[in-house]
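Enquirer: Next up, run29.txt (compact mmCIF, C-alpha atoms (C1' of nucleotides)).
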# COMPACT_ATOMS: atom_id res chain seq x y z
CA MET Z 1 1.90 2.23 31.17
CA LYS Z 2 -0.37 0.78 28.61
CA ALA Z 3 1.81 -1.07 26.18
CA GLN Z 4 -0.66 -0.97 23.30
CA ALA Z 5 0.41 2.58 22.70
CA LEU Z 6 3.66 1.19 21.41
CA HIS Z 7 2.01 0.92 18.04
CA GLY Z 8 4.61 1.39 15.39
CA HIS Z 9 7.52 1.84 17.73
CA LEU Z 10 7.98 -1.69 18.97
CA ASP Z 11 10.27 -2.60 16.11
CA ALA Z 12 12.49 0.34 16.90
CA LEU Z 13 12.64 -0.68 20.54
CA LEU Z 14 13.62 -4.22 19.68
CA LEU Z 15 16.34 -3.05 17.34
CA ALA Z 16 17.60 -0.67 20.01
CA VAL Z 17 17.84 -3.46 22.55
CA LEU Z 18 19.70 -5.71 20.15
CA GLU Z 19 22.06 -2.89 19.35
CA ARG Z 20 23.90 -3.60 22.58
CA GLY Z 21 24.41 -7.23 21.73
CA ALA Z 22 22.65 -10.39 20.60
CA LEU Z 23 19.98 -11.76 22.89
CA HIS Z 24 17.38 -14.49 22.83
CA GLY Z 25 13.68 -13.67 22.92
CA TYR Z 26 13.12 -14.14 26.58
CA ALA Z 27 16.18 -12.07 27.43
CA ILE Z 28 14.89 -9.30 25.18
CA ILE Z 29 11.71 -9.12 27.19
CA GLU Z 30 13.73 -8.87 30.38
CA ALA Z 31 16.06 -6.26 28.95
CA LEU Z 32 13.05 -4.14 27.99
CA ARG Z 33 11.58 -4.51 31.44
CA VAL Z 34 14.80 -3.69 33.22
CA ARG Z 35 15.89 -0.81 31.04
CA SER Z 36 12.46 0.78 31.15
CA GLY Z 37 12.31 0.57 34.90
CA GLY Z 38 9.42 -1.86 34.71
CA ALA Z 39 7.28 0.29 32.45
CA LEU Z 40 7.56 -2.14 29.58
CA ASP Z 41 6.53 -5.69 30.33
CA LEU Z 42 5.70 -7.18 26.99
CA PRO Z 43 4.09 -10.57 26.59
CA THR Z 44 5.76 -13.25 24.49
CA GLY Z 45 2.87 -13.09 22.06
CA THR Z 46 4.00 -9.60 21.22
CA ILE Z 47 7.74 -10.19 21.04
CA TYR Z 48 8.07 -13.37 19.05
CA PRO Z 49 5.89 -12.38 16.11
CA ALA Z 50 7.63 -9.02 16.07
CA LEU Z 51 11.04 -10.67 15.94
CA ARG Z 52 9.96 -12.88 13.07
CA ARG Z 53 8.71 -9.80 11.29
CA LEU Z 54 12.08 -8.16 11.76
CA GLU Z 55 13.84 -11.27 10.60
CA ARG Z 56 11.70 -11.46 7.47
CA ALA Z 57 12.60 -7.85 6.86
CA GLY Z 58 16.27 -8.72 7.20
CA TYR Z 59 16.87 -6.48 10.20
CA VAL Z 60 17.83 -9.26 12.55
CA ALA Z 61 19.36 -12.69 12.07
CA SER Z 62 18.68 -15.62 14.36
CA SER Z 63 20.58 -18.73 15.30
CA TRP Z 64 19.61 -21.68 17.44
CA SER Z 65 21.65 -22.88 20.32
CA THR Z 66 20.84 -25.56 22.82
CA VAL Z 67 21.71 -24.72 26.40
CA ASN Z 68 21.03 -27.39 29.00
CA GLY Z 69 18.49 -28.97 26.72
CA ARG Z 70 16.82 -25.59 26.32
CA GLU Z 71 16.36 -24.38 22.82
CA ARG Z 72 17.36 -20.79 22.51
CA ARG Z 73 17.01 -18.69 19.47
CA THR Z 74 19.45 -15.86 19.64
CA TYR Z 75 18.77 -12.75 17.60
CA GLN Z 76 21.33 -10.28 16.45
CA LEU Z 77 21.16 -7.03 14.59
CA THR Z 78 22.18 -7.07 10.93
CA ASP Z 79 23.75 -4.19 9.07
CA ALA Z 80 20.40 -3.41 7.51
CA GLY Z 81 18.94 -3.52 10.99
CA GLY Z 82 21.45 -0.98 12.19
CA ARG Z 83 20.57 1.32 9.34
CA ALA Z 84 16.88 0.81 10.03
CA LEU Z 85 17.47 1.68 13.65
CA ALA Z 86 19.13 4.94 12.70
CA GLY Z 87 16.09 5.78 10.60
CA GLU Z 88 13.77 4.82 13.40
CA ARG Z 89 15.63 7.10 15.76
CA THR Z 90 15.19 10.00 13.38
CA GLY Z 91 11.54 9.12 12.94
CA TRP Z 92 11.06 8.93 16.67
CA ARG Z 93 12.59 12.33 17.19
CA GLU Z 94 10.29 13.87 14.60
CA PHE Z 95 7.28 12.11 15.95
CA SER Z 96 7.95 12.91 19.58
CA SER Z 97 8.69 16.55 18.92
CA THR Z 98 5.56 16.87 16.77
CA VAL Z 99 3.24 15.25 19.26
CA GLY Z 100 5.05 16.98 22.10
CA ARG Z 101 4.17 20.29 20.54
CA PHE Z 102 0.52 19.50 21.22
CA LEU Z 103 0.73 17.51 24.40
CA GLY Z 104 3.18 19.78 26.07
CA PRO Z 105 6.90 19.59 25.67
CA ASP Z 106 8.22 17.16 28.19
CA GLN Z 107 11.76 17.42 27.01
CA PRO Z 108 12.33 20.40 24.77
CA PRO Z 109 14.84 19.23 22.17
CA ALA Z 110 18.05 20.63 23.48
CA PRO Z 111 19.54 22.66 20.66
CA ALA Z 112 22.85 21.10 19.80
CA MET M 1 6.37 11.84 8.76
CA LYS M 2 4.28 8.76 8.54
CA ALA M 3 0.99 9.49 10.17
CA GLN M 4 0.18 5.89 10.95
CA ALA M 5 2.61 6.10 13.84
CA LEU M 6 -0.01 8.21 15.58
CA HIS M 7 -1.64 5.03 16.74
CA GLY M 8 -3.13 5.63 20.12
CA HIS M 9 -2.21 9.27 20.29
CA LEU M 10 -4.63 10.75 17.80
CA ASP M 11 -7.35 11.17 20.38
CA ALA M 12 -5.01 13.09 22.62
CA LEU M 13 -4.03 15.35 19.75
CA LEU M 14 -7.63 16.11 18.90
CA LEU M 15 -8.44 16.93 22.49
CA ALA M 16 -5.38 19.15 22.68
CA VAL M 17 -6.46 21.09 19.60
CA LEU M 18 -9.96 21.58 20.93
CA GLU M 19 -8.54 22.75 24.23
CA ARG M 20 -7.89 26.13 22.65
CA GLY M 21 -11.45 26.54 21.52
CA ALA M 22 -14.27 24.84 19.66
CA LEU M 23 -13.66 24.05 16.01
CA HIS M 24 -15.40 22.19 13.24
CA GLY M 25 -13.84 19.09 11.69
CA TYR M 26 -12.22 20.71 8.73
CA ALA M 27 -10.73 23.44 10.89
CA ILE M 28 -9.30 20.80 13.19
CA ILE M 29 -7.43 19.26 10.30
CA GLU M 30 -6.02 22.65 9.40
CA ALA M 31 -5.10 23.45 12.96
CA LEU M 32 -3.18 20.20 13.18
CA ARG M 33 -1.40 20.91 9.94
CA VAL M 34 -0.48 24.45 10.88
CA ARG M 35 0.54 23.82 14.45
CA SER M 36 2.65 20.84 13.46
CA GLY M 37 4.42 22.80 10.79
CA GLY M 38 2.96 20.59 8.09
CA ALA M 39 4.07 17.33 9.67
CA LEU M 40 0.51 16.26 10.37
CA ASP M 41 -1.81 16.26 7.39
CA LEU M 42 -4.58 13.92 8.35
CA PRO M 43 -7.26 12.78 5.93
CA THR M 44 -10.93 13.36 6.74
CA GLY M 45 -11.43 9.61 6.95
CA THR M 46 -9.21 9.67 9.98
CA ILE M 47 -10.60 12.73 11.70
CA TYR M 48 -14.34 12.30 11.45
CA PRO M 49 -14.53 8.77 12.80
CA ALA M 50 -12.13 9.79 15.55
CA LEU M 51 -14.33 12.73 16.52
CA ARG M 52 -17.39 10.50 16.64
CA ARG M 53 -15.46 8.12 18.84
CA LEU M 54 -14.59 10.97 21.18
CA GLU M 55 -18.17 12.14 21.19
CA ARG M 56 -19.46 8.68 22.02
CA ALA M 57 -16.94 8.64 24.85
CA GLY M 58 -18.29 11.96 26.07
CA TYR M 59 -15.03 13.83 25.61
CA VAL M 60 -16.37 16.26 23.05
CA ALA M 61 -19.81 17.66 22.32
CA SER M 62 -20.94 18.72 18.87
CA SER M 63 -23.49 21.17 17.59
CA TRP M 64 -24.70 21.94 14.10
CA SER M 65 -24.78 25.33 12.64
CA THR M 66 -25.58 26.36 9.11
CA VAL M 67 -23.35 29.00 7.64
CA ASN M 68 -24.12 30.18 4.11
CA GLY M 69 -25.85 26.92 3.42
CA ARG M 70 -22.83 25.06 4.68
CA GLU M 71 -23.45 22.59 7.40
CA ARG M 72 -20.86 22.87 10.07
CA ARG M 73 -20.53 20.60 13.00
CA THR M 74 -18.62 22.33 15.71
CA TYR M 75 -16.91 20.27 18.34
CA GLN M 76 -16.00 21.44 21.77
CA LEU M 77 -14.22 19.86 24.67
CA THR M 78 -16.33 18.70 27.58
CA ASP M 79 -15.26 18.61 31.19
CA ALA M 80 -14.65 14.90 30.89
CA GLY M 81 -12.63 15.62 27.77
CA GLY M 82 -10.48 18.07 29.67
CA ARG M 83 -9.82 15.48 32.31
CA ALA M 84 -9.08 12.88 29.69
CA LEU M 85 -6.65 15.27 28.08
CA ALA M 86 -4.81 15.74 31.34
CA GLY M 87 -4.48 11.98 31.62
CA GLU M 88 -3.33 11.71 28.03
CA ARG M 89 -0.67 14.28 28.68
CA THR M 90 0.64 12.32 31.61
CA GLY M 91 0.51 9.14 29.56
CA TRP M 92 2.37 10.81 26.75
CA ARG M 93 5.11 12.01 29.03
CA GLU M 94 5.58 8.53 30.44
CA PHE M 95 5.50 6.97 27.03
CA SER M 96 7.87 9.38 25.43
CA SER M 97 10.38 9.24 28.24
CA THR M 98 10.26 5.45 28.24
CA VAL M 99 10.71 5.06 24.51
CA GLY M 100 13.20 7.90 24.53
CA ARG M 101 15.32 5.93 26.93
CA PHE M 102 15.81 3.37 24.18
CA LEU M 103 15.78 5.51 21.11
CA GLY M 104 17.79 8.19 22.77
CA PRO M 105 17.30 11.91 22.39
CA ASP M 106 20.11 11.44 19.94
CA GLN M 107 22.79 8.97 20.72
CA PRO M 108 22.78 5.71 22.65
CA PRO M 109 23.39 6.58 26.31
CA ALA M 110 27.04 7.33 26.36
CA PRO M 111 28.93 5.56 29.12
CA ALA M 112 29.28 8.48 31.47
C1' DC A 1 -23.71 27.81 -18.36
C1' DC A 2 -20.61 24.49 -16.94
C1' DT A 3 -16.53 22.74 -14.96
C1' DT A 4 -13.24 22.71 -11.39
C1' DC A 5 -11.48 23.70 -6.96
C1' DA A 6 -11.72 24.56 -1.98
C1' DT A 7 -14.69 23.93 1.80
C1' DA A 8 -17.34 20.61 4.64
C1' DG A 9 -18.99 16.20 6.32
C1' DG A 10 -19.30 11.53 5.96
C1' DT A 11 -19.10 5.98 5.14
C1' DA A 12 -17.15 1.30 3.84
C1' DG A 13 -13.76 -1.75 3.82
C1' DC A 14 -8.92 -2.85 4.58
C1' DA A 15 -4.40 -3.74 6.75
C1' DA A 16 -1.29 -3.28 10.48
C1' DC A 17 -0.28 -4.00 15.07
C1' DG A 18 -0.16 -5.61 19.57
C1' DC A 19 -2.86 -8.33 22.95
C1' DT A 20 -5.02 -12.39 25.26
C1' DA A 21 -5.11 -17.08 25.60
C1' DC A 22 -3.28 -21.25 24.65
C1' DT A 23 0.28 -24.95 23.49
C1' DT A 24 4.73 -27.37 23.75
C1' DG A 25 8.86 -28.62 26.21
C1' DT A 26 12.94 -28.66 29.76
C1' DC A 27 14.70 -28.14 34.32
C1' DG A 28 14.73 -27.53 39.43
C1' DG A 29 12.49 -27.71 43.91
C1' DC A 30 9.02 -29.68 46.91
C1' DG D 1 4.84 -36.70 40.51
C1' DC D 2 3.68 -31.95 40.23
C1' DC D 3 4.27 -27.11 40.01
C1' DG D 4 6.60 -23.04 38.66
C1' DA D 5 10.25 -20.56 36.04
C1' DC D 6 12.35 -20.55 31.72
C1' DA D 7 11.88 -20.60 26.51
C1' DA D 8 9.49 -20.40 22.12
C1' DG D 9 5.70 -20.24 19.59
C1' DT D 10 0.63 -19.93 17.28
C1' DA D 11 -4.34 -18.49 16.64
C1' DG D 12 -7.64 -15.32 16.79
C1' DC D 13 -9.34 -10.79 18.24
C1' DG D 14 -10.09 -5.72 18.70
C1' DT D 15 -8.50 -1.22 17.99
C1' DT D 16 -6.95 2.11 15.01
C1' DG D 17 -5.89 4.79 11.21
C1' DC D 18 -5.81 4.64 6.11
C1' DT D 19 -7.46 4.60 1.23
C1' DA D 20 -11.10 5.23 -1.60
C1' DC D 21 -15.31 6.67 -2.21
C1' DC D 22 -19.76 9.74 -1.88
C1' DT D 23 -22.60 14.03 -1.09
C1' DA D 24 -23.12 19.01 -1.22
C1' DT D 25 -22.30 24.22 -1.47
C1' DG D 26 -19.99 28.44 -3.08
C1' DA D 27 -16.49 30.86 -5.81
C1' DA D 28 -13.66 31.35 -9.86
C1' DG D 29 -12.57 30.52 -14.74
C1' DG D 30 -13.57 29.30 -19.29
I need this file expressed as structure tokens, please.
Expert:
Amino acid sequence: MKAQALHGHLDALLLAVLERGALHGYAIIEALRVRSGGALDLPTGTIYPALRRLERAGYVASSWSTVNGRERRTYQLTDAGGRALAGERTGWREFSSTVGRFLGPDQPPAPA
Amino acid sequence: MKAQALHGHLDALLLAVLERGALHGYAIIEALRVRSGGALDLPTGTIYPALRRLERAGYVASSWSTVNGRERRTYQLTDAGGRALAGERTGWREFSSTVGRFLGPDQPPAPA
DNA sequence: CCTTCATAGGTAGCAACGCTACTTGTCGGC
DNA sequence: GCCGACAAGTAGCGTTGCTACCTATGAAGG
């Protein structure tokens, strides 16, 4: 899968991954790869700037820890980040159902 | 809905609209608005350059016709465009199921 | 007659976003 | 000592869609 199509949804993905618990950058990349079944293999040059963007926005908070001489910056979701994630989920649902209407419904929104 | 999230999927949408029959630019905008239930209201500055991009790529062909002194450029899907659309559909399904895995149809995957 | 609106097509320049390529540094295995 | 995996980061680029404009016709309203 071409990752460039992520445009605009990467932030939501990152927040979603951090929802399950704080992780450091490298671990986030791995979590994305594993949870997507290998479909998402994002380069560090994509992740780190995105995390800083999220931190500037106040959606994640970071803290340094040194493990075996390795500097790790661990990111965790803030309250604002959680709220943002909820909004992103709603936005995603709208977006995917709208585009899906044109590109063929792949998962017709199951009526609750 | 913020339209900027379309990134990377606009071309697919345009091809999908033209799949049902040739239309001129303005009509394409209306078709998108109507079929999306108003969610997609794209400015001309988005559509026209996109159509030219698709034409350069050989996915659509255009022809001029003058109707009541109005110049209309009608776009229609080419064979290559149809094939591209099929690919875009597949890509969309992959993309949406991948992102959906993180953003959930609704809730974070409940521990079954 | 003239203005305004809807139709119709278009361009220029901008900003956002993710990517490639590169750099720095530690640790473990050869 | 060197290479590769881990870990974090920066610089610069290209694509993409957006805002803001411009041109032009026909219909409606004053």
Enquirer: After least-squares alignment of chain M to chain Z over all Cα atoms in order, what RMSD do you get?
Expert: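 Once chain M is overlaid on chain Z, the RMSD is 3.6 Å.
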Enquirer: Please, what distance in Å, to one decimal, runs between atom CA of Leu14 of chain Z and atom CA of Gly82 of chain Z?
Expert: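 Atom CA of Leu14 of chain Z sits 11.3 Å away from atom CA of Gly82 of chain Z.
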Enquirer: In Å, how far is it from atom CA of Pro49 of chain Z to atom C1' of DC13 of chain D?
Expert: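 Here the two named atoms are 15.5 Å from each other.
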Enquirer: For Leu32 of chain M, please output as a ChimeraX atom specification all residues within 12 Å (counting all atoms listed in the file; exclusion window: fewer than 2 positions along the same chain).
Expert: /Z:98-99,101-102 /M:3,10,12-18,23,25-30,34-43,47
Enquirer: Please identify every residue of chain Z that has at least one atom no more than 7 Å from any atom of chain A, counting all atoms listed in the file, and report them as a VMD selection string.
Expert: chain Z and resid 4 7 46 69 to 70
Enquirer: Based on all atoms listed in the file, which of the residues in chain D come within 12 Å of chain M? I want them as a PDB file with C-alpha atoms (C1' of nucleotides), keeping the file's coordinate frame.
Expert:
ATOM      1  C1'  DT D  15      -8.500  -1.220  17.990  1.00  0.00           C
ATOM      2  C1'  DT D  16      -6.950   2.110  15.010  1.00  0.00           C
ATOM      3  C1'  DG D  17      -5.890   4.790  11.210  1.00  0.00           C
ATOM      4  C1'  DC D  18      -5.810   4.640   6.110  1.00  0.00           C
ATOM      5  C1'  DT D  19      -7.460   4.600   1.230  1.00  0.00           C
ATOM      6  C1'  DA D  20     -11.100   5.230  -1.600  1.00  0.00           C
ATOM      7  C1'  DC D  21     -15.310   6.670  -2.210  1.00  0.00           C
ATOM      8  C1'  DA D  24     -23.120  19.010  -1.220  1.00  0.00           C
ATOM      9  C1'  DT D  25     -22.300  24.220  -1.470  1.00  0.00           C
ATOM     10  C1'  DG D  26     -19.990  28.440  -3.080  1.00  0.00           C
TER      11       DG D  26
END
Enquirer: Could you tell me how far atom CA of Asp11 of chain Z sits from atom CA of Leu54 of chain Z, in Å to one decimal place?
Expert: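 Between atom CA of Leu54 of chain Z and atom CA of Asp11 of chain Z the gap is 7.3 Å.
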Enquirer: Have a look at Z:Val67, Z:His24, Z:His9, Z:Thr78 and name the one nearest to chain M; count all atoms listed in the file.
Expert: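 Using all atoms listed in the file, chain M sits closest to Z:His9.
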Enquirer: Rank M:Leu77, M:Ala31, M:Leu51, M:Ala57 by their smallest atom-to-atom distance to chain Z, using all atoms listed in the file, and report the top residue only.
Expert: M:Ala31
